Every structure is written in structure tokens, then in C-alpha cells.
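What follows is a short report on a single structure.
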2 protein chains.
Amino acid sequence: MGISDEQKVGFMGSCKRKLISVVGRIKKLGRDDPRRIIHSLKVGLALTFVSLLYYWRPLYDGFGIASIWAVLTVVVVFEFTVGATLSKGLNRGLGTLLAGALGVGAQHFASLFGQTGEPIVLGIFVFLLAAASTFSRFFPRIKARYDYGVLIFILTFSLVSVSGYRVEKILELAHQRLSTILIGGATCVFISLFICPVWAGETLHNTIASNIEKLANYLEGFGGEYFQYEDNEESIIVEDHSKLHNKLSSLQAYKSVLTSQSSEESLANLASWEPKHGKFSFGHPWKQYLKIGSLTRQCAYQIESLNGYVIPADIQVAIQFRRRIEESCKAISTESGKALRILASSIKAMTNPSSSSKTHIENAKAAIDDLKHTLKSGYLESSDLLGIIPDATVCCILIDIVKSVEKISEATDELGRSARFKSVEATVSPEKSSQLLHRGIVNPVFDSECGDGDDHVVIRVDNNNINNNNEAGEIGKCQGNLDVKPTSKGEIIVCK
Amino acid sequence: MGISDEQKVGFMGSCKRKLISVVGRIKKLGRDDPRRIIHSLKVGLALTFVSLLYYWRPLYDGFGIASIWAVLTVVVVFEFTVGATLSKGLNRGLGTLLAGALGVGAQHFASLFGQTGEPIVLGIFVFLLAAASTFSRFFPRIKARYDYGVLIFILTFSLVSVSGYRVEKILELAHQRLSTILIGGATCVFISLFICPVWAGETLHNTIASNIEKLANYLEGFGGEYFQYEDNEESIIVEDHSKLHNKLSSLQAYKSVLTSQSSEESLANLASWEPKHGKFSFGHPWKQYLKIGSLTRQCAYQIESLNGYVIPADIQVAIQFRRRIEESCKAISTESGKALRILASSIKAMTNPSSSSKTHIENAKAAIDDLKHTLKSGYLESSDLLGIIPDATVCCILIDIVKSVEKISEATDELGRSARFKSVEATVSPEKSSQLLHRGIVNPVFDSECGDGDDHVVIRVDNNNINNNNEAGEIGKCQGNLDVKPTSKGEIIVCK
């Protein structure tokens with residue numbers, strides 16, 4: 001009644017498949033972030049080093065059984081980032097010192113009450129301090145920075161005050177324990193600082209920049225995807241929803257920004273423990289990163305609702321309306337995306353965002369004006385308001401996104417000021433980028449056709465555009481309080 | 001050169017003020033969640049109890065110095081919720097057992113290599129196991145459930161394999177340590193389970209319900225606030241933005257839902273460790289709560305963008321358009337809110353959501369049809385498309401919110417099925433609720449004016465409405481494939 005060969009082969013096969021899948025997952029985890037592998041090796045190194053305390057006779061004779069505290073310290077203190085390791089190490093050190101001193105005091109005080117009274121008094125002390133410290137851990141500020149320290153405080157106080165009752169040589173014990181904890185902590189801090197350090201601050205810095213980049217990717221891709229339709233009919237149902245969605249799913253990276261708050265906050269907290277590293281000084285304005293992060297998240301919420309309109313659920317699209325808003329919307333989206341990309345790369349490089357990010361925002365705003373103008377002049381081809389509502393909503397959200405982008409830009413400027421980012425030259429000339437939008441070239445003119453000394457520019461408008469959209473005639477409205485003088489050959493002179 | 005009396009008084013005063021503010025914050029923390037105070041007292045109790053091990057001579061003689069492990073266990077294992085305490089306790093127990101066995105094995109194996117080889121072999125073991133275990137903590141699934149267990153595994157393995165080299169009585173040591181950890185763990189679990197237990201499952205349950213309720217509050221309040229305007233002009237700028245915002249800020253509780261993901265996930269994870277408690281059995285479908293939570297969050301994102309339109313930035317509102325959509329939008333928002341409120345209270349009470357929640361959703365959908373109809377027929381008073389865009393966007397978002405509410409309702413039904421919620425009678429009659437919307441009364445008729453045996457109802461439409469909105473004539477369009485027969489006195493008979 002043995003197992004047949006076939007069963008054996010089947011079993012071996014399934015084992016092999018499982019093993020391969022596990023190995024694959026391990027490889028992926030390591031490839032996604034090689035710092036993980038290095039971190040694991042560092043922990044192994046630190047533990048092995050501390051274990052030497054046991055084997056090396058002179059050290060063992062000095063510390064004896066207390067050397068287990070060095071092992072214990074390494075295991076609980078060594079964290080992924082330098083900031084976390086430092087924070088835990090300092091918390092552990094301070095908690096131990098404070099609680100040790102208090103414990104010795106409490107033990108001494110309790111001993112005044114004699115053999116019977118001592119355990120009762122100590123019991124009351126332990127109860128009160130443990131309850132009070134535990135309660136203090138509910139304060140958000142203590143929870144964020146000193147949670148581990150309070151835990152160690154409770155632990156050490158109980159141990160010292162209680163074991164003092166038995167182990168008479170309490171001061172020697174305290175000395176041994178502190179030295180071993182110091183050795184363990186120092187090992188962690190040393191290895192964490194000097195062997196391929198992982199900085200919480202740097203990670204936060206890169207996270208914020210790459211989050212902004214994710215939004216930029218979406219916005220730059222949005223226009224091209226949303227305005228893909230066959231325009232052979234008055235009113236169409238946008239087809240190939242699933243295909244469209246697949247294309248857009250490559251842009252869905254922004255979704256991770258929606259839930260980035262807690263990790264950003266913990267990184268900023270850990271970063272504040274870190275010393276100067278790379279381009280980041282101690283006291284780098286990490287809180288400003290949180291502000292940028294929260295504005296980025298706000299923008300991600302808007303993109304989330306924008307994303308909902310990419311696959312309209314069986315709503316007939318008023319194609320003529322969509323065609324009319326297409327150019328402005330594409331421009332708004334693309335220019336916002338470009339502005340974000342410049343902001344992201346300037347954060348990454350720690351340079352002041354070049355003026356080109358502002359130019360892109362201005363371009364986006366100009367496109368909004370164009371859009372508003374289109375909407376205001378708005379003759380409706382069909383009176384089908386329902387058909388244009390999704391598109392109108394997209395317009396509205398895009399306008400809001402530009403506001404968000406502007407806020408992100410301001411917050412980045414503030415970061416640049418407080419973190420003293422370097423300045424660089426603009427990489428995109430304003431002229432080039434304004435070409436993108438106005439479909440005409442804006443040139444300063446020097447021969448005065450306006451009043452003396454007034455600033456004025458010549459806008460040369462493409463003749464085709466004049467014919468198609470009656471645009472030349474409307475520029476006067478757009479510019480509001482500007483004085484517009486049409487000249488020959490489609491040139492218009494605007495005097496401020 | 002002493003300190004003047006005034007300075008003394010000033011110093012005392014500032015001390016007093018600080019003290020009062022700290023006491024105030026402590027009181028607030030306790031009042032917000034009294035379970036925090038109870039938890040702190042419970043920790044104090046557990047620690048004091050375990051400290052007794054030291055004082056009670058028979059126990060001390062049995063365990064000796066190892067009793068510090070009981071104190072250590074209590075301090076690190078005792079957590080706020082039962083689930084967290086159980087999870088940490090079990091993790092600690094399992095990690096210790098496994099690592100202890102492996103440690104003894106490793107120590108035995110290493111001893112084969114003689115005096116010189118032993119520390120080298122043990123060092124290699126410690127390095128490999130520590131590195132591998134640390135790496136395994138990066139797996140999200142292990143991180144979520146077994147992070148602490150792996151930590152304890154590394155700790156114990158290092159301690160046992162290394163200290164075995166010195167302390168020859170390794171088995172006795174292991175026995176002592178396990179017993180004391182057991183005592184510490186059992187104390188925690190006992191106190192956490194039987195003295196005012198805080199259940200992660202119950203907390204998750206209530207959080208999900210109250211999150212849905214927060215959205216309900218917003219939606220029920222939205223219509224009333226958004227459509228507050230003085231309607232004495234064709235086109236107005238909505239005034240008193242700040243006042244409006246203050247009113248709405250009482251509804252801003254929904255914002256906390258935006259960032260609830262991580263706490264919900266950790267609660268669901270802890271809840272899965274908890275035994276049967278109250279109405280929750282072991283194996284209660286906690287994952288379904290996460291699904292509802294994520295749908296609720298989706299809806300909160302939509303409300304977040306809706307909230308952006310409450311204070312339109314200097315955009316002229318086309319008042320006539322707003323007046324026309326007012327009733328439908330208010331109905332959509334209020335009915336969605338009511339549906340959510342019923343879902344929330346049915347989750348809270350663990351009863352199957354009464355059919356009235358579905359009725360409210362149906363009402364909201366009917367209001368959407370009304371709205372679409374209004375928009376389709378849409379004559380634009382002015383051709384000012386720009387002025388109506390914010391309102392149109394609000395319409396669009398409200399329509400999406402109804403879809404989200406429907407998804408939440410479906411997920412709640414699913415929860416009701418898998419968690420076997422009790423059934424209750426509907427508390428709102430469909431008749432009553434349909435009154436809310438149709439501004440007419442729907443009555444079944446029994447004298448057959450349609451074909452024999454056909455279902456049909458009489459809709460009595462208010463004469464005012466007919467005059468104002470030309471509604472009677474349009475009902476035929478609304479109902480689609482229904483056969484509509486107008487009669488005298490504004491009655492219409494609809495035959496299915």
C-alpha cells in the first residue's frame with residue numbers, strides 16, 4: 001500500500017512549484033529595494049559582534065550574565081533607518097537611566113518601612129508609575145517620539161525597584177546593565193551609521209519628490225487618453241472602455257499617494273533624530289515636507305475624482321463640445337503635469353525650482369482663461385446639457401488641480417527658502433513654452449505704437465486660427481483691461 | 001539681589017497656568033476614551049501582580065533571577081486591545097519555543113567542533129538566522145501578523161545558542177524562562193480578557209459604522225447649506241462664504257475617513273486573533289469590514305471634492321439654473337445620506353439593513369432621473385455655460401455618490417449574509433418615502449382602466465406643479481416604457 005511513483009512525482013512537482021514561487025517572491029522583495037538585503041546582513045553582523053562579548057573571556061568576566069542585555073538591545077534597537085535606530089537607542093538609554101535612578105530611590109525609600117512594609121510600598125510605586133506611564137503613551141506627541149522610551153522606563157523601573165529587594169549589589173547590577181546596553185546600542189548606531197546607512201530623511205525627501213512625479217505622470221498622460229475618440233458622428237458613445245482603462249492603468253501609480261500620510265509622518269518624525277547626512281543638515285525643515293506631502297495628497301484626491309470620468313458609464317458624449325474644450329483641457333492638464341515634474345525634479349536635486357515651473361503654471365492658467373472664454377461664449381450645438389456634464393466636470397476638476405499645483409509650487413518655494421536650495425537657470429525659455437499655448441508668438445516690440453515708455457508686445461496670430469475660431473476678435477475680451485490694437489497681417493499690439 | 005515678590009508671583013502664575021493646561025489635556029484624553037484610563041490601571045495591576053513573584057519566597061526559590069522575564073513579558077505584551085495582547089502573547093510564546101529548540105540544537109551541533117570551532121560555528125549560525133529572519137520581516141504578510149514573533153525568535157535564538165556555551169544547565173534555564181514567560185503572558189491575557197476588555201473587533205465594527213454615519217451627516221446637511229442663497233437677482237455671487245464655511249465645518253467630520261485605512265487594517269488584523277466576544281464569533285468576517293471601509297473611503301474622496309464646491313471662488317452663479325436643479329440635488333443628497341444612516345445603524349445593531357435603505361437609494365436614483373430629465377430638456381436661460389459649470393459638477397459628483405452608496409449597501413448586505421445579521425421589519429413604508437420625491441401620491445387602483453389583471457397605479461399630480469414646471473406632460477418621457485393615461489383632475493394612470 002505504498003505511495004505510487006506518480007503520486008511521488010506529483011508531490012515533488014508541487015513542492016518544486018511552491019519553492020520556486022517563494023524564491024521568486026524573495027527575489028522580487030530584494031530587487032524592489034536592495035537596501036533590505038543589506039539591512040538584514042547588517043543585523044546579522046551586529047548580533048554576531050555582540051555575541052562575541054560572551055566568548056571573549058576578559059569581557060565576560062567583566063559583565064557576566066548581564067551581557068544578554070547587549071544581545072537584547074541589538075535585537076530590539078536595530079531598525080531599518082538610521083533615524084529609527086537612533087531614536088530607539090536614545091529612548092532606551094534615557095528610559096533606562098531615568099528609571100534606574102528612580103528605581104534605586106524608590107527601593108531605598110521603601111526599605112525605610114521594614115521587612116513587611118517594603119514590598120507593599122514598592123508594589124504601590126510600581127502600580128502608580130506603570131499606570132501613569134502607560135496613560136502618558138496615549139498622548140499623540142509622546143506616542144510619536146517617546147513611546148519606546150516610556151516602555152523601557154516602565155520595564156526598567158519595575159526590574160530595578162523589584163530586583164533591588166533581592167540582589168543586594170544593586171549599583172553594580174545597574175552599572176553592568178548600563179554598560180552592556182551602551183555596548184549594544186553603540187554597536188547598532190555604529191553599524192547603522194557607517195555601513196550603507198539608510199536615512200529616513202533621504203527616504204522622505206525622495207518619497208515626496210516621487211509622489212509629485214506620479215501625479216505629473218498622470219496629468220501629462222491624461223489629455224491624450226481622455227480625448228481619444230472617433231469623431232465621425234454628432235454624438236458618440238466612447239468605445240473600447242476596457243482598452244482605454246488598460247492604457248490608463250499604467251498611470252494609476254498616483255493611487256499610492258492617497259494613503260501615504262502615515263508613512264510620511266513617521267519618516268518625518270524619524271528624520272528629525274538624524275544627524276547631518278549628504279545634503280541634509282540637522283534641523284532640515286522636515287515639517288515642510290509634510291506640508292508638501294499633504295498638498296500633494298489633496299491633489300491626488302482631485303485626480304482620483306478626475307479618474308472617475310475617464311470611463312463614462314454609458315453617457316452619450318456631446319462630441320462637438322468635447323472637441324471645443326479639447327485643446328484647452330489638454331493644455332491645462334499637460335502644463336500642470338509639466339510644472340509638477342519640474343517641481344519634483346527640483347526637490348530631488350535640491351535646487352530652487354526654475355522659473356519654468358511658474359511659466360507652466362501661468363500657461364495652465366492662460367489655458368483656463370481660454371477655456372472659460374470658450375465656455376462663456378458657449379453656444380450649445382445641441383441643447384443637450386446632460387451630454388456635456390461629464391466633460392464640464394472634467395473642466396472644473398482640472399481648474400481645481402491647477403490651484404493645487406500652484407499651492408504645491410508655493411510650498412516647494414518655501415522649502416527651497418528654508419532649506420537653502422541652490423539656484424539654477426531656467427531650463428525652458430518662457431518664449432518656447434508660451435508657444436505651446438497661444439498658437440502665436442509673443443514678441444516684445446520696441447518701436448512705440450502705444451504711449452511712450454509703456455510695455456507692449458506684438459501677438460502674431462496664425463491666419464488659420466482667425467478664420468476657424470474667430471479668435472483674433474476675441475482676444476480683446478480675454479485680456480480684460482489691456483488695450484488691444486489690431487494691425488495688418490494678423491499682428492495685434494497689446495499695451496499694458 | 002534676591003528675586004522680587006512680583007517675579008515670584010509671575011513665575012508661580014505661569015507654572016499654575018501650565019499645570020492647569022496639562023491637567024486639562026489629561027482630562028480631555030481620559031474623557032475622549034475612558035478605556036484609556038482603565039487600560040493604564042490594568043497594566044499597573046498586571047505589573048504589580050507579576051512583581052509578587054519576586055516577593056513570594058516559594059516562587060522565587062523556584063524561578064530565581066528568571067522571574068525578571070515575567071516582568072519583561074508583561075511590559076511588552078500588554079496592549080490596548082485583547083487582539084493585540086493575544087497576538088503578542090502567542091507570538092512571544094511560539095517564537096520563544098521554536099527559537100529555544102533550534103538554539104539548543106545549534107548549540108549541540110556546534111559543540112561537536114571542539115573548543116575552538118564552537119564559537120565560530122555558533123557565530124555563523126547566529127549571523128545566518130538573524131539575517132534571514134530580519135529579511136523575512138519585510139514580507140507584508142509576515143510583517144502584519146508575525147513581526148513580533150520573528151523579533152522574539154531572533155532574540156531567543158541568539159540568547160540560547162550563545163548562553164548555552166557558558167551556562168551548562170541550559171535545559172533548566174530554558175524551563176525557567178518558559179515558565180516565567182508563560183506566567184507573565186497568562187497574567188496579561190487574563191487581565192486583558194476579563195477586566196473591562198477592549199476588543200479590536202468591536203472597535204473596528206463601531207469605527208466602520210461611525211465612519212458611514214459621518215458621511216451620512218455630511219450628505220444630509222449638504223443640500224441645506226449649498227442651496228442657501230438670496231435669490232433676488234438673475235445671477236448672484238454667493239455671499240457670506242466664511243459664515244457658510246463655519247456652518248459646514250460642523251459637517252467636516254468626514255475628513256477623518258480619508259485617512260482611516262491603516263488603522264482599519266491593523267484593527268482587522270488584531271480582530272482575527274480574538275475569540276468569540278459579544279455578538280462576534282471567532283472567524284467573524286472581518287475582511288468584509290475592510291471592504292466596506294474601503295468603499296466608504298472612496299465615497300469620502302467624492303465628498304471631499306464635493307466639499308470643494310461649497311465655497312465657489314468668485315464664480316458667478318447662474319441662479320436660475322441653480323434653482324432648477326435645487327430640488328433634485330437636495331433629494332439625491334438627502335436620500336443618499338438617509339440610506340447611509342440606515343446602513344450605519346443596521347451595522348451597529350447587527351441587523352439586516354431594512355428595505356428602507358434600498359428605498360432611499362431608489363428615491364435617490366429617481367431624483368437622478370428627474371435631474372437628468374431637467375438637464376436633458378435643459379433650456380439655458382442665459383447662454384452662460386461658465387456660470388452653471390460648478391453646479392453641473394456638483395450634480396455629477398452627487399450622481400457618483402449614489403453609485404458609491406449603492407456599493408456600500410451591497411457590501412453591507414454581503415456582510416449581513418456572512419455574519420448572519422438578524423432580520424428586522426422595514427421601519428419606513430415605501431409609500432411614505434416615495435411621497436418625499438414625487439410630490440404626488442402613488443396609489444394602487446383596483447378598477448381596471450388598463451388591460452385585465454395588469455398592475456397599475458394612479459399618480460395624482462399637484463396642479464401647481466403642472467402649471468409651474470410642465471411636469472405632467474413629461475412624466476410619460478420619464479417612465480420610459482410605461483403606458484401613461486392622463487385622466488381628469490390631474491390624475492394619471494400608469495399601466496405596467
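Ligands are numbered from 1 in the order shown, residues from 1 within each chain, and chains are lettered A, B, ... in the order they appear in the C-alpha cells.
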Give me the residues within 7 Å of Leu155 in chain B as a compact mmCIF listing (two decimals) with all heavy atoms, in the first residue's frame, counting only C-alpha atoms and dropping any in the same chain fewer than 3 places off.
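Dumped everything to selection36.txt:
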# COMPACT_ATOMS: atom_id res chain seq x y z
N LEU A 72 20.02 41.63 23.67
CA LEU A 72 18.65 42.12 23.70
C LEU A 72 18.55 43.50 23.06
O LEU A 72 17.65 43.78 22.26
CB LEU A 72 18.22 42.18 25.15
CG LEU A 72 16.79 41.79 25.47
CD1 LEU A 72 16.75 41.13 26.84
CD2 LEU A 72 15.89 43.00 25.45
N VAL A 75 18.86 43.41 19.25
CA VAL A 75 17.68 42.87 18.56
C VAL A 75 16.56 43.89 18.51
O VAL A 75 15.91 44.07 17.48
CB VAL A 75 17.20 41.57 19.23
CG1 VAL A 75 15.88 41.11 18.63
CG2 VAL A 75 18.24 40.48 19.08
N LEU B 151 10.88 38.77 15.78
CA LEU B 151 11.81 39.51 16.63
C LEU B 151 12.22 38.66 17.84
O LEU B 151 13.40 38.52 18.16
CB LEU B 151 11.13 40.80 17.11
CG LEU B 151 12.03 41.81 17.80
CD1 LEU B 151 12.77 42.62 16.74
CD2 LEU B 151 11.23 42.74 18.69
N ILE B 152 11.21 38.07 18.47
CA ILE B 152 11.47 37.24 19.65
C ILE B 152 12.27 36.00 19.27
O ILE B 152 13.11 35.51 20.02
CB ILE B 152 10.13 36.85 20.32
CG1 ILE B 152 9.50 38.09 20.93
CG2 ILE B 152 10.32 35.76 21.35
CD1 ILE B 152 10.31 38.69 22.05
N SER B 158 19.51 33.82 19.64
CA SER B 158 20.84 34.34 19.99
C SER B 158 21.15 34.05 21.45
O SER B 158 22.23 33.56 21.79
CB SER B 158 20.90 35.86 19.77
OG SER B 158 20.34 36.21 18.55
N LEU B 159 20.18 34.35 22.33
CA LEU B 159 20.42 34.16 23.76
C LEU B 159 20.72 32.71 24.10
O LEU B 159 21.70 32.40 24.78
CB LEU B 159 19.21 34.64 24.56
CG LEU B 159 19.02 36.16 24.64
CD1 LEU B 159 17.85 36.49 25.55
CD2 LEU B 159 20.29 36.83 25.15
Exercise answer, chain A residues close to chain B, 7 Å and only C-alpha atoms, as a ChimeraX atom specification: /A:36-37,40-41,43-45,47-48,51,55,68,72,75,119,123,126-128,130-132,134-135,155,159,162,259,301-302,305,372,375-376,378-379,383-386,389-390,392-393,396
Dump of C-alpha atoms for the selected residues, as a compact mmCIF listing (two decimals), in the first residue's frame:
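Saved to part.txt:
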# COMPACT_ATOMS: atom_id res chain seq x y z
CA ARG A 36 16.51 45.34 2.59
CA ILE A 37 19.12 42.69 1.91
CA SER A 40 19.41 42.03 7.04
CA LEU A 41 23.13 41.41 6.72
CA VAL A 43 21.58 42.99 11.70
CA GLY A 44 23.32 39.63 11.43
CA LEU A 45 26.69 41.35 11.71
CA LEU A 47 24.30 40.36 16.56
CA THR A 48 27.33 38.23 15.81
CA SER A 51 27.70 37.68 20.84
CA TYR A 55 33.04 34.30 24.02
CA ILE A 68 22.50 39.20 27.49
CA LEU A 72 18.65 42.12 23.70
CA VAL A 75 17.68 42.87 18.56
CA PRO A 119 7.07 45.01 49.33
CA GLY A 123 4.09 47.44 44.95
CA VAL A 126 5.17 50.09 40.64
CA PHE A 127 1.41 50.28 40.24
CA LEU A 128 1.30 54.09 40.20
CA ALA A 130 3.21 51.87 35.48
CA ALA A 131 -0.35 53.22 35.26
CA ALA A 132 0.78 56.83 34.84
CA THR A 134 1.04 53.78 30.30
CA PHE A 135 -1.50 56.59 30.23
CA LEU A 155 10.31 47.96 32.34
CA LEU A 159 13.04 45.47 37.31
CA VAL A 162 11.82 44.93 42.49
CA THR A 259 -2.74 56.67 1.52
CA TYR A 301 -7.83 63.22 -4.31
CA GLN A 302 -8.73 65.51 -7.19
CA SER A 305 -12.23 62.03 -8.99
CA LYS A 372 -13.54 79.93 -19.58
CA LEU A 375 -17.47 78.26 -22.11
CA LYS A 376 -18.67 81.81 -21.69
CA GLY A 378 -20.65 78.90 -25.22
CA TYR A 379 -23.16 78.37 -27.98
CA SER A 383 -29.30 71.87 -26.19
CA ASP A 384 -28.24 68.54 -24.64
CA LEU A 385 -26.90 69.74 -21.31
CA LEU A 386 -26.74 66.20 -19.95
CA ILE A 389 -21.93 67.50 -18.00
CA PRO A 390 -19.16 64.89 -17.61
CA ALA A 392 -17.82 70.11 -17.89
CA THR A 393 -16.98 68.36 -14.64
CA CYS A 396 -13.94 72.04 -13.37
Take CA of Ser423 in chain A and CA of Glu202 in chain A and report the distance between them in Å, one decimal.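 Interatomic distance, CA of Ser423 in chain A to CA of Glu202 in chain A: 20.3 Å.
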Quick check, in Å to one decimal: how far apart do CA of Ser281 in chain B and CA of Glu414 in chain B lie?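 So the two atoms, CA of Ser281 in chain B and CA of Glu414 in chain B, lie 16.8 Å apart.
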Of the listed residues B:Cys196, B:Leu90, B:Val22, B:Leu204, that which approaches Tyr148 in chain B most closely, counting only C-alpha atoms: B:Leu90
DSSP on the backbone, then: every residue of range 267-410 of chain A marked strand (DSSP E or B), written as a list in words.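 Strand (DSSP E or B) members of range 267-410 of chain A, listed: His277, Phe280, Val317, Ala318 and Thr351 of chain A.
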Residues as selected, N, CA and C atoms, written as a PDB file, in the first residue's frame, can you do that?
ATOM      1  N   HIS A 277      23.482  64.543   7.083  1.00  0.00           N
ATOM      2  CA  HIS A 277      23.913  63.495   6.148  1.00  0.00           C
ATOM      3  C   HIS A 277      23.683  64.011   4.737  1.00  0.00           C
ATOM      4  N   PHE A 280      21.555  66.976   3.657  1.00  0.00           N
ATOM      5  CA  PHE A 280      20.594  67.328   4.689  1.00  0.00           C
ATOM      6  C   PHE A 280      21.307  67.638   5.999  1.00  0.00           C
ATOM      7  N   VAL A 317     -21.740  61.249 -25.213  1.00  0.00           N
ATOM      8  CA  VAL A 317     -20.860  62.403 -25.150  1.00  0.00           C
ATOM      9  C   VAL A 317     -21.221  63.373 -26.273  1.00  0.00           C
ATOM     10  N   ALA A 318     -21.380  64.624 -25.903  1.00  0.00           N
ATOM     11  CA  ALA A 318     -21.626  65.634 -26.932  1.00  0.00           C
ATOM     12  C   ALA A 318     -20.287  65.936 -27.580  1.00  0.00           C
ATOM     13  N   THR A 351      17.459  71.934  -5.852  1.00  0.00           N
ATOM     14  CA  THR A 351      17.708  73.241  -6.460  1.00  0.00           C
ATOM     15  C   THR A 351      16.401  74.016  -6.398  1.00  0.00           C
TER      16      THR A 351
END
Restricting the calculation to only C-alpha atoms: of B:Gly293, B:Ser357, B:Ala70, B:Ala253, which residue gets closest to Ile183 in chain B?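 Smallest distance to Ile183 in chain B is found for B:Ala70.
The shortest atom-to-atom distance to Ala367 in chain B, with only C-alpha atoms taken into account, belongs to B:Ala331 out of B:Leu97, B:Ala331, B:Leu343, B:Ile399.
For Leu267 in chain A, the set of protein, DNA and RNA residues having any atom at most 10 Å away, when counting only C-alpha atoms and skipping those fewer than 5 positions along the same chain, is Thr81, Gly83, Ala84, Trp199, Ala200, Gly201, Glu202, Thr203, Leu204, His205, Thr207, Ser262, Ser272, Trp286 and Leu290 of chain A.
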For Glu327 in chain B, work out the shell of residues within 12 Å, counting only C-alpha atoms and skipping chain neighbours fewer than 5 positions away, then give it as an mmCIF file with N, CA, C and O atoms, in the first residue's frame.
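The resulting file, selection_29.cif, is reproduced below:
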data_model
loop_
_atom_site.group_PDB
_atom_site.id
_atom_site.type_symbol
_atom_site.label_atom_id
_atom_site.label_comp_id
_atom_site.auth_asym_id
_atom_site.auth_seq_id
_atom_site.Cartn_x
_atom_site.Cartn_y
_atom_site.Cartn_z
ATOM 1 N N GLY B 223 -27.277 69.591 1.202
ATOM 2 C CA GLY B 223 -28.289 70.274 0.400
ATOM 3 C C GLY B 223 -28.719 71.586 1.028
ATOM 4 O O GLY B 223 -28.747 72.631 0.368
ATOM 5 N N GLY B 224 -29.023 71.528 2.314
ATOM 6 C CA GLY B 224 -29.493 72.715 3.024
ATOM 7 C C GLY B 224 -28.486 73.845 2.984
ATOM 8 O O GLY B 224 -28.855 75.013 2.847
ATOM 9 N N TYR B 226 -25.700 74.125 0.787
ATOM 10 C CA TYR B 226 -25.244 74.537 -0.546
ATOM 11 C C TYR B 226 -26.255 75.439 -1.228
ATOM 12 O O TYR B 226 -25.888 76.373 -1.929
ATOM 13 N N PHE B 227 -27.542 75.148 -1.005
ATOM 14 C CA PHE B 227 -28.561 75.899 -1.741
ATOM 15 C C PHE B 227 -29.113 77.064 -0.935
ATOM 16 O O PHE B 227 -30.278 77.401 -1.029
ATOM 17 N N PHE B 321 -30.466 78.454 -13.046
ATOM 18 C CA PHE B 321 -30.072 77.056 -13.204
ATOM 19 C C PHE B 321 -30.025 76.377 -11.847
ATOM 20 O O PHE B 321 -30.528 75.273 -11.660
ATOM 21 N N ARG B 322 -29.438 77.092 -10.880
ATOM 22 C CA ARG B 322 -29.327 76.508 -9.559
ATOM 23 C C ARG B 322 -30.705 76.217 -8.980
ATOM 24 O O ARG B 322 -30.933 75.187 -8.364
ATOM 25 N N ILE B 332 -31.299 64.003 -3.932
ATOM 26 C CA ILE B 332 -30.236 63.000 -4.116
ATOM 27 C C ILE B 332 -29.365 62.946 -2.868
ATOM 28 O O ILE B 332 -29.103 61.884 -2.295
ATOM 29 N N SER B 333 -28.946 64.126 -2.426
ATOM 30 C CA SER B 333 -28.028 64.186 -1.301
ATOM 31 C C SER B 333 -28.681 63.670 -0.025
ATOM 32 O O SER B 333 -28.128 62.832 0.691
ATOM 33 N N THR B 334 -29.900 64.163 0.252
ATOM 34 C CA THR B 334 -30.576 63.754 1.488
ATOM 35 C C THR B 334 -30.890 62.264 1.489
ATOM 36 O O THR B 334 -30.670 61.572 2.489
ATOM 37 N N GLU B 335 -31.384 61.774 0.347
ATOM 38 C CA GLU B 335 -31.758 60.365 0.312
ATOM 39 C C GLU B 335 -30.523 59.465 0.436
ATOM 40 O O GLU B 335 -30.566 58.448 1.115
ATOM 41 N N ALA B 364 -33.189 58.173 -4.382
ATOM 42 C CA ALA B 364 -32.078 58.982 -4.879
ATOM 43 C C ALA B 364 -31.930 58.785 -6.379
ATOM 44 O O ALA B 364 -31.711 59.743 -7.131
ATOM 45 N N ALA B 367 -34.504 60.602 -8.157
ATOM 46 C CA ALA B 367 -34.151 62.027 -8.206
ATOM 47 C C ALA B 367 -33.090 62.283 -9.263
ATOM 48 O O ALA B 367 -33.097 63.322 -9.929
ATOM 49 N N ILE B 368 -32.190 61.303 -9.452
ATOM 50 C CA ILE B 368 -31.198 61.439 -10.523
ATOM 51 C C ILE B 368 -31.894 61.485 -11.875
ATOM 52 O O ILE B 368 -31.572 62.311 -12.743
ATOM 53 N N ASP B 370 -34.929 62.468 -12.430
ATOM 54 C CA ASP B 370 -35.529 63.809 -12.513
ATOM 55 C C ASP B 370 -34.492 64.814 -12.976
ATOM 56 O O ASP B 370 -34.728 65.614 -13.888
ATOM 57 N N LEU B 371 -33.319 64.734 -12.317
ATOM 58 C CA LEU B 371 -32.260 65.691 -12.609
ATOM 59 C C LEU B 371 -31.811 65.579 -14.059
ATOM 60 O O LEU B 371 -31.690 66.584 -14.780
ATOM 61 N N THR B 374 -34.316 67.053 -16.238
ATOM 62 C CA THR B 374 -34.215 68.516 -16.210
ATOM 63 C C THR B 374 -33.083 68.982 -17.107
ATOM 64 O O THR B 374 -33.212 69.945 -17.858
ATOM 65 N N CYS B 395 -23.762 68.288 -9.487
ATOM 66 C CA CYS B 395 -24.721 67.260 -9.919
ATOM 67 C C CYS B 395 -23.994 65.962 -10.227
ATOM 68 O O CYS B 395 -24.389 64.880 -9.795
ATOM 69 N N LEU B 436 -41.853 61.712 -0.538
ATOM 70 C CA LEU B 436 -40.789 62.698 -0.412
ATOM 71 C C LEU B 436 -40.366 63.239 -1.758
ATOM 72 O O LEU B 436 -39.939 64.366 -1.902
ATOM 73 N N LEU B 437 -40.472 62.369 -2.749
ATOM 74 C CA LEU B 437 -39.884 62.731 -4.009
ATOM 75 C C LEU B 437 -40.856 63.167 -5.074
ATOM 76 O O LEU B 437 -40.646 64.147 -5.765
ATOM 77 N N HIS B 438 -41.909 62.399 -5.228
ATOM 78 C CA HIS B 438 -42.697 62.599 -6.432
ATOM 79 C C HIS B 438 -43.688 63.728 -6.300
ATOM 80 O O HIS B 438 -44.361 64.059 -7.253
ATOM 81 N N ARG B 439 -43.737 64.298 -5.105
ATOM 82 C CA ARG B 439 -44.651 65.402 -4.890
ATOM 83 C C ARG B 439 -46.054 65.042 -5.358
ATOM 84 O O ARG B 439 -46.828 65.871 -5.782
#
